[in-house]
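Shown here: query.txt, compact mmCIF, C-alpha atoms.
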# COMPACT_ATOMS: atom_id res chain seq x y z
CA MET A 1 78.62 115.14 6.56
CA ALA A 2 78.59 111.53 7.67
CA ALA A 3 77.94 110.66 11.31
CA ALA A 4 81.13 110.37 13.32
CA LEU A 5 82.58 106.92 13.87
CA LYS A 6 82.50 106.03 17.58
CA ILE A 7 85.65 105.37 19.57
CA ASP A 8 83.99 102.23 20.97
CA GLN A 9 84.34 100.70 17.50
CA PHE A 10 88.12 101.06 17.75
CA ASN A 11 88.84 100.24 21.39
CA LEU A 12 88.55 96.51 20.70
CA LEU A 13 90.96 96.58 17.76
CA ASP A 14 94.46 95.26 18.29
CA ASP A 15 97.47 97.45 17.53
CA ASP A 16 98.24 95.74 14.22
CA SER A 17 94.75 96.43 12.92
CA CYS A 18 95.07 100.04 14.03
CA ASP A 19 98.46 100.33 12.32
CA ALA A 20 96.93 99.21 9.03
CA ARG A 21 94.13 101.75 9.35
CA ILE A 22 96.53 104.56 10.27
CA ILE A 23 98.85 103.82 7.34
CA ALA A 24 95.91 103.66 4.93
CA ALA A 25 94.43 106.91 6.22
CA LYS A 26 97.79 108.69 5.93
CA GLN A 27 98.04 107.62 2.30
CA ILE A 28 94.51 108.81 1.51
CA LEU A 29 94.85 112.17 3.29
CA GLY A 30 98.35 112.85 1.96
CA ASP A 31 99.56 116.43 2.36
CA ARG A 32 96.28 117.44 3.97
CA LEU A 33 97.49 115.72 7.15
CA ALA A 34 100.36 116.35 9.57
CA ILE A 35 100.78 114.05 12.57
CA LEU A 36 102.92 115.51 15.35
CA GLY A 37 104.60 113.17 17.85
CA HIS A 38 105.99 114.53 21.11
CA HIS A 39 109.24 113.02 22.40
CA TYR A 40 107.41 111.49 25.38
CA GLN A 41 104.81 109.73 23.26
CA ARG A 42 104.61 105.92 23.31
CA ASP A 43 106.39 104.15 20.46
CA GLU A 44 103.23 102.59 19.03
CA VAL A 45 102.00 106.09 18.20
CA PHE A 46 105.30 107.94 17.81
CA LYS A 47 106.29 105.80 14.81
CA HIS A 48 103.38 107.22 12.78
CA ALA A 49 104.36 110.88 13.26
CA HIS A 50 105.39 113.04 10.33
CA PHE A 51 107.27 115.31 12.74
CA SER A 52 108.75 114.73 16.20
CA GLY A 53 110.06 117.13 18.81
CA ASP A 54 109.11 119.09 21.91
CA SER A 55 105.84 120.98 22.18
CA LEU A 56 106.93 124.37 20.79
CA LYS A 57 109.05 122.90 18.00
CA LEU A 58 106.12 120.78 16.86
CA SER A 59 103.71 123.71 16.84
CA GLN A 60 106.18 125.77 14.82
CA LEU A 61 106.58 122.91 12.34
CA ALA A 62 102.81 122.65 12.08
CA ALA A 63 102.57 126.36 11.24
CA LYS A 64 105.07 125.88 8.40
CA THR A 65 103.17 123.05 6.76
CA SER A 66 100.23 123.47 4.41
CA ALA A 67 98.37 120.64 6.15
CA GLU A 68 94.66 121.17 6.67
CA TYR A 69 94.54 118.72 9.58
CA ILE A 70 97.07 118.72 12.41
CA VAL A 71 96.82 115.68 14.65
CA PHE A 72 98.84 116.38 17.80
CA CYS A 73 99.95 113.22 19.59
CA GLY A 74 100.79 114.93 22.85
CA VAL A 75 98.70 116.56 25.56
CA HIS A 76 96.04 119.26 25.70
CA PHE A 77 98.18 122.37 26.20
CA MET A 78 100.35 121.37 23.22
CA ALA A 79 97.35 121.18 20.92
CA GLU A 80 96.24 124.59 22.21
CA VAL A 81 99.62 126.08 21.30
CA ALA A 82 99.38 124.57 17.82
CA ASP A 83 95.93 126.15 17.37
CA ILE A 84 97.23 129.52 18.60
CA VAL A 85 100.33 129.68 16.39
CA THR A 86 98.33 128.62 13.32
CA ASN A 87 95.81 131.40 14.08
CA GLY A 88 92.95 128.93 14.24
CA GLU A 89 93.23 128.46 10.48
CA ARG A 90 94.07 124.75 10.69
CA GLN A 91 92.01 122.02 12.28
CA VAL A 92 94.05 120.88 15.27
CA ILE A 93 92.99 117.52 16.69
CA LEU A 94 93.91 115.83 19.97
CA PRO A 95 93.29 112.08 19.62
CA ASP A 96 92.24 111.69 23.27
CA LEU A 97 90.81 114.72 25.07
CA ALA A 98 91.73 113.08 28.38
CA ALA A 99 95.43 113.53 27.55
CA GLY A 100 96.21 116.39 29.90
CA CYS A 101 99.18 117.46 32.02
CA SER A 102 99.17 117.16 35.80
CA MET A 103 101.68 119.99 36.10
CA ALA A 104 99.59 122.32 33.95
CA ASP A 105 96.54 121.48 36.05
CA MET A 106 98.32 122.69 39.21
CA ALA A 107 98.02 126.30 38.04
CA ASN A 108 94.64 127.35 36.73
CA LEU A 109 93.37 130.84 35.95
CA VAL A 110 91.30 131.12 39.13
CA LYS A 111 94.29 130.29 41.34
CA VAL A 112 96.67 132.60 39.46
CA ARG A 113 94.22 135.50 39.56
CA LYS A 114 93.81 134.97 43.30
CA CYS A 115 97.58 135.06 43.70
CA TRP A 116 97.79 138.29 41.68
CA GLU A 117 95.06 139.85 43.82
CA GLU A 118 96.82 138.84 47.04
CA LEU A 119 100.11 140.23 45.76
CA SER A 120 98.33 143.50 44.99
CA GLN A 121 97.63 143.90 48.72
CA ILE A 122 101.39 144.12 49.28
CA LEU A 123 102.75 145.74 46.10
CA ASP A 124 101.63 146.75 42.62
CA PRO A 125 102.21 143.55 40.63
CA ASP A 126 101.72 145.27 37.26
CA GLU A 127 104.67 147.51 38.11
CA LYS A 128 106.81 145.14 40.16
CA VAL A 129 106.14 141.60 38.89
CA THR A 130 106.52 140.00 35.47
CA PRO A 131 104.32 136.90 35.16
CA VAL A 132 106.14 134.10 33.35
CA THR A 133 104.37 130.89 32.44
CA TYR A 134 106.11 127.74 31.31
CA ILE A 135 104.74 126.59 27.97
CA ASN A 136 103.38 123.57 29.88
CA SER A 137 100.28 125.52 30.89
CA ALA A 138 96.76 126.21 29.71
CA ALA A 139 96.08 128.80 27.01
CA ASP A 140 94.22 131.08 29.43
CA LEU A 141 97.36 131.35 31.60
CA LYS A 142 99.39 132.34 28.57
CA ALA A 143 96.68 134.93 27.91
CA PHE A 144 96.95 136.12 31.54
CA CYS A 145 100.65 136.77 30.96
CA GLY A 146 99.92 138.52 27.67
CA ASN A 147 97.41 140.79 29.44
CA HIS A 148 99.82 141.66 32.27
CA GLY A 149 103.01 142.41 30.39
CA GLY A 150 104.27 138.88 30.85
CA ILE A 151 105.71 136.17 28.68
CA VAL A 152 105.95 132.40 28.01
CA CYS A 153 109.12 130.32 28.34
CA THR A 154 110.32 126.84 27.47
CA SER A 155 112.87 124.73 29.33
CA SER A 156 115.52 125.68 26.75
CA ASN A 157 115.01 129.45 26.85
CA ALA A 158 113.94 130.01 30.46
CA ARG A 159 117.13 131.88 31.37
CA ALA A 160 116.87 134.32 28.45
CA VAL A 161 113.21 134.92 29.30
CA LEU A 162 114.00 135.55 32.98
CA GLU A 163 116.80 137.95 32.06
CA TRP A 164 114.37 139.88 29.86
CA SER A 165 111.79 139.85 32.65
CA PHE A 166 114.18 141.28 35.23
CA GLY A 167 115.10 143.99 32.76
CA ARG A 168 111.51 145.20 32.95
CA ARG A 169 110.40 144.57 36.53
CA GLU A 170 112.16 143.66 39.75
CA LYS A 171 110.32 140.37 40.44
CA VAL A 172 109.02 137.35 38.56
CA LEU A 173 105.99 135.20 39.27
CA PHE A 174 106.92 131.86 37.69
CA PHE A 175 104.35 129.12 37.10
CA PRO A 176 103.45 126.30 37.03
CA ASP A 177 106.77 124.44 37.56
CA GLN A 178 108.74 125.51 40.59
CA HIS A 179 111.77 123.37 39.70
CA LEU A 180 112.41 124.89 36.28
CA GLY A 181 112.15 128.34 37.84
CA ARG A 182 114.44 127.53 40.76
CA ASN A 183 117.07 125.72 38.71
CA THR A 184 117.12 128.52 36.13
CA GLY A 185 117.35 131.19 38.83
CA LEU A 186 120.38 129.43 40.30
CA THR A 187 122.20 129.56 36.95
CA MET A 188 121.69 133.34 37.08
CA GLY A 189 123.22 133.62 40.54
CA ILE A 190 119.98 134.20 42.39
CA PRO A 191 120.31 132.69 45.90
CA LEU A 192 117.76 130.18 47.14
CA GLU A 193 116.56 132.55 49.88
CA GLN A 194 115.44 135.02 47.19
CA MET A 195 113.29 132.37 45.50
CA VAL A 196 110.18 131.67 47.56
CA THR A 197 107.47 129.10 46.87
CA TRP A 198 103.86 130.21 46.55
CA ASP A 199 101.61 127.50 48.01
CA PHE A 200 98.31 128.13 46.23
CA THR A 201 96.42 126.13 48.90
CA LYS A 202 97.28 128.70 51.59
CA PRO A 203 96.34 132.36 52.14
CA GLN A 204 98.98 134.68 50.66
CA GLY A 205 100.76 131.60 49.36
CA GLY A 206 101.88 130.71 52.87
CA LEU A 207 104.40 133.57 52.73
CA THR A 208 105.02 136.56 54.95
CA VAL A 209 104.94 140.13 53.64
CA ASP A 210 108.71 140.39 54.12
CA GLU A 211 109.34 137.15 52.20
CA ILE A 212 107.31 138.47 49.27
CA ARG A 213 108.99 141.88 49.33
CA GLN A 214 112.49 140.38 49.44
CA ALA A 215 111.90 137.70 46.80
CA LYS A 216 113.29 137.96 43.28
CA ILE A 217 111.34 134.95 42.01
CA ILE A 218 108.00 133.77 43.37
CA LEU A 219 107.77 130.11 42.40
CA TRP A 220 104.42 128.41 41.97
CA LYS A 221 104.16 125.17 43.95
CA GLY A 222 103.79 122.96 40.88
CA PHE A 223 105.83 120.09 39.50
CA CYS A 224 106.01 117.37 36.87
CA SER A 225 104.91 114.02 38.26
CA VAL A 226 107.35 112.16 36.00
CA HIS A 227 110.40 114.11 37.14
CA GLN A 228 109.41 113.73 40.80
CA MET A 229 110.46 110.08 40.48
CA PHE A 230 114.17 110.91 40.24
CA HIS A 231 116.27 111.25 43.40
CA PRO A 232 119.92 112.01 44.34
CA ALA A 233 120.29 108.49 45.76
CA GLN A 234 119.85 107.10 42.24
CA ILE A 235 122.70 109.28 41.03
CA GLU A 236 124.89 108.30 44.01
CA LYS A 237 124.36 104.61 43.20
CA PHE A 238 125.29 105.23 39.55
CA ARG A 239 128.46 107.09 40.59
CA ARG A 240 129.54 104.10 42.68
CA GLU A 241 128.84 101.60 39.91
CA VAL A 242 130.07 103.70 36.96
CA PRO A 243 132.77 106.07 38.28
CA ASN A 244 133.49 107.49 34.84
CA GLY A 245 129.83 107.83 33.87
CA HIS A 246 127.93 111.02 33.07
CA VAL A 247 124.62 112.23 34.51
CA ILE A 248 122.26 114.44 32.50
CA SER A 249 118.92 115.70 33.78
CA HIS A 250 115.98 117.82 32.73
CA PRO A 251 115.50 121.10 34.68
CA GLU A 252 112.02 119.96 35.76
CA ASN A 253 113.89 117.75 38.22
CA SER A 254 114.40 118.88 41.80
CA TYR A 255 117.18 121.20 42.87
CA GLU A 256 118.97 118.27 44.54
CA VAL A 257 118.91 116.11 41.40
CA CYS A 258 120.09 118.93 39.14
CA GLN A 259 122.88 119.87 41.53
CA ALA A 260 124.09 116.26 41.50
CA SER A 261 124.04 116.07 37.70
CA ASP A 262 126.88 116.83 35.28
CA PHE A 263 124.59 118.35 32.67
CA VAL A 264 121.14 119.93 32.95
CA GLY A 265 119.00 120.97 30.02
CA SER A 266 115.86 120.64 27.96
CA THR A 267 114.77 117.53 26.08
CA GLU A 268 116.39 118.81 22.89
CA TYR A 269 119.57 119.57 24.86
CA ILE A 270 119.66 116.06 26.31
CA LEU A 271 119.28 114.53 22.86
CA ARG A 272 121.98 116.77 21.41
CA VAL A 273 124.52 116.10 24.17
CA VAL A 274 124.06 112.33 24.31
CA ARG A 275 124.06 111.99 20.52
CA ALA A 276 127.45 113.74 20.47
CA ALA A 277 128.87 111.47 23.21
CA GLU A 278 132.15 109.63 22.80
CA PRO A 279 131.97 105.89 22.03
CA GLY A 280 132.33 103.85 25.19
CA SER A 281 130.72 106.48 27.41
CA HIS A 282 127.91 105.67 29.85
CA TRP A 283 125.04 108.09 30.55
CA LEU A 284 122.41 108.21 33.29
CA VAL A 285 119.43 110.20 32.01
CA GLY A 286 116.79 111.82 34.19
CA THR A 287 113.75 112.39 32.01
CA GLU A 288 110.74 110.52 30.59
CA LEU A 289 111.07 106.78 29.92
CA ASN A 290 109.89 106.59 26.28
CA LEU A 291 112.42 109.20 25.21
CA VAL A 292 115.24 107.52 27.14
CA ASN A 293 114.44 104.09 25.72
CA ARG A 294 114.50 105.42 22.15
CA LEU A 295 117.76 107.24 22.83
CA ARG A 296 119.22 104.04 24.32
CA ASP A 297 118.35 102.05 21.20
CA GLU A 298 119.68 104.79 18.93
CA MET A 299 123.04 105.04 20.72
CA LYS A 300 123.69 101.32 21.29
CA PRO A 301 125.20 100.76 17.80
CA LYS A 302 127.53 103.71 18.54
CA ASN A 303 128.78 101.96 21.70
CA VAL A 304 127.22 104.59 23.96
CA THR A 305 125.30 103.24 26.95
CA VAL A 306 122.15 105.14 27.94
CA GLN A 307 120.56 104.25 31.27
CA PHE A 308 117.26 105.44 32.72
CA MET A 309 117.74 107.11 36.11
CA SER A 310 114.85 105.59 38.04
CA PRO A 311 114.61 101.84 38.84
CA MET A 312 110.84 102.22 38.46
CA VAL A 313 108.79 102.62 35.27
CA CYS A 314 108.34 106.36 34.94
CA MET A 315 106.44 107.66 31.94
CA CYS A 316 104.01 110.48 31.25
CA SER A 317 100.77 108.68 32.08
CA THR A 318 98.49 111.32 30.57
CA MET A 319 100.35 111.34 27.27
CA PHE A 320 100.21 107.54 27.33
CA ARG A 321 96.43 107.83 26.90
CA THR A 322 96.98 108.58 23.23
CA ASP A 323 97.09 105.07 21.83
CA PRO A 324 96.90 103.54 18.32
CA GLN A 325 93.14 103.06 18.80
CA HIS A 326 92.50 106.78 19.29
CA LEU A 327 94.84 107.74 16.46
CA ALA A 328 93.13 105.30 14.07
CA TRP A 329 89.74 106.64 15.19
CA VAL A 330 90.47 110.30 14.46
CA LEU A 331 92.13 109.48 11.13
CA ASP A 332 89.32 107.22 9.93
CA ASN A 333 86.89 110.00 10.78
CA LEU A 334 88.94 112.46 8.73
CA VAL A 335 88.87 110.09 5.78
CA ALA A 336 85.09 109.96 6.17
CA GLY A 337 84.95 113.77 6.19
CA THR A 338 84.31 114.19 9.91
CA VAL A 339 86.50 116.09 12.36
CA VAL A 340 86.44 114.88 15.97
CA ASN A 341 88.25 116.24 19.03
CA ARG A 342 89.13 119.56 17.43
CA ILE A 343 90.92 121.98 19.77
CA GLN A 344 89.83 125.60 19.32
CA VAL A 345 91.12 128.35 21.59
CA PRO A 346 88.62 131.25 21.88
CA LYS A 347 89.83 134.43 20.18
CA ASP A 348 89.75 136.48 23.39
CA VAL A 349 92.22 133.96 24.85
CA ALA A 350 94.21 133.22 21.70
CA VAL A 351 95.12 136.84 20.93
CA PRO A 352 96.85 137.72 24.26
CA ALA A 353 98.30 134.20 24.47
CA ARG A 354 99.82 134.65 21.01
CA ARG A 355 101.22 138.00 22.16
CA ALA A 356 103.05 136.30 25.06
CA LEU A 357 104.32 133.52 22.78
CA ASP A 358 105.51 135.96 20.10
CA LEU A 359 107.28 138.02 22.73
CA MET A 360 109.16 134.91 23.84
CA LEU A 361 110.27 134.26 20.27
CA GLU A 362 111.47 137.87 19.93
CA VAL A 363 113.42 137.65 23.19
CA VAL A 364 115.24 134.43 22.24
CA ASP A 365 115.66 135.16 18.52

What do you get writing this file as structure tokens?
Amino acid sequence: MAAALKIDQFNLLDDDSCDARIIAAKQILGDRLAILGHHYQRDEVFKHAHFSGDSLKLSQLAAKTSAEYIVFCGVHFMAEVADIVTNGERQVILPDLAAGCSMADMANLVKVRKCWEELSQILDPDEKVTPVTYINSAADLKAFCGNHGGIVCTSSNARAVLEWSFGRREKVLFFPDQHLGRNTGLTMGIPLEQMVTWDFTKPQGGLTVDEIRQAKIILWKGFCSVHQMFHPAQIEKFRREVPNGHVISHPENSYEVCQASDFVGSTEYILRVVRAAEPGSHWLVGTELNLVNRLRDEMKPKNVTVQFMSPMVCMCSTMFRTDPQHLAWVLDNLVAGTVVNRIQVPKDVAVPARRALDLMLEVVD
């Protein structure tokens, strides 16, 4: 096997040169290659994807292809899911290993195990609590759920997963995103006072024994940095300027933003609703900038106005690390017969994680 080409050789290339290399590599590799582009990915990379979608959809598409190499233009946890659902039989590659997720990093296995141990001083969590992890989490947290009778959810199926969870045990520990858990709980009629926030920086999550005993959902104090940039004042300003406008937001937004919105749903939901909008309508969208900009350009010829909610640039900075230079680098290495940046989830993690993922798919099927 030839020595791997160094990323330093590509960092000085301009985007046009990288485009030419990427296109050439795709032609050479043919059906052996599948490039996955997440909705939040920058346009310069997104345009080269064979498939686009959210993290779970992309992993499922990858599993259906016969591609030997799966290049995931997203973030680390997404590539882990792709490796898990393909049973480690494909070579899953993340162009830049620094492309992580700040939300996922807020809940690691050490912190979650400590929480579980502290809960066990008050009640039996394996009898009383179903652990539910958002798919935006590390593989070992999915495995933790698989080992404790828990499950994974996405933003589109969180309610169905929570309903299943309450059918088994009386409480839910929901991590890492507090906002998705809270907003979903509200749609189920669970009052705010029965949804407490576990602050992992404090003993016993900063909660009293009574608060824990009375809670239906214990929310991890995590959040998406992108969706923290949206505020009710932005919606109020839009309402004044566009009285007949519509507001649609992702459930990773705060309770206040979601309550002020007309529609709340996953990325795929947002795309579906806005694409079906009446000509002449005006939409304020509260989710990641790259997706909103593409949706704006798509809907403009249909006389539908799509406006980004925040006045500030607000994109997923970690996903932005995947650039044309890194994509060209991994593809040129594949052409040369060398695999770089392969993501491999250890079997002792992959098996219980797959169990939690499969359970989710059974619940929402």

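Counting all atoms listed in the file, the residue from A:His282, A:Thr267, A:Ile212, A:Met188 that sits nearest to A:Glu241 is A:His282.
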
Item to check | Contacts of A:Leu123 at 12 Å (all atoms listed in the file; same-chain gap of 3+ positions) as a PyMOL selection string | outcome: chain A and resi 116-120+126-129+170-171+209-210+212-214

Checklist outcome for this item: One decimal place gives the atom CA of A:Ile235-atom CA of A:Asn183 separation as 17.5 Å

Checklist entry - For A:Phe10, which of A:Val110, A:Val330, A:Met360, A:Ala99 is the closest residue, counting only C-alpha atoms? => result A:Val330

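Residues lying within 8 Å of A:Lys142, counting all atoms listed in the file and ignoring same-chain neighbours fewer than 6 positions away, are Thr133, Ile135, Ile151, Val152, Pro352, Ala353, Arg354, Ala356 and Leu357 of chain A.
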
Next on the checklist: Taking (122.5, 106.9, 25.5) as a centre in this file's frame and 9 Å as the limit, can you find every polymer residue with an atom that close, using only C-alpha atoms, and give them as a ChimeraX atom specification?
Outcome noted: /A:271,274-275,277,281-285,292-300,303-307

What are the closest atom pairs, with distances in Å to one decimal, for each residue of stretch 25-115 of chain A lying within 12 Å of stretch 145-150 of chain A, using all atoms listed in the file, rows by chain and rising residue number, as a Markdown table?
| residue | atom | partner | partner_atom | distance |
| --- | --- | --- | --- | --- |
| A:Leu109 | CA | A:Cys145 | CA | 10.6 |
| A:Val112 | CA | A:Cys145 | CA | 10.3 |
| A:Arg113 | CA | A:Cys145 | CA | 10.8 |

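Coordinates place atom CA of A:Ser165 at a distance of 20.0 Å from atom CA of A:Lys221.
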
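Closest approach to A:Val340 from the set A:Ala79, A:Val226, A:Cys18, A:Ile93 is made by A:Ile93, with distances taken over all atoms listed in the file.
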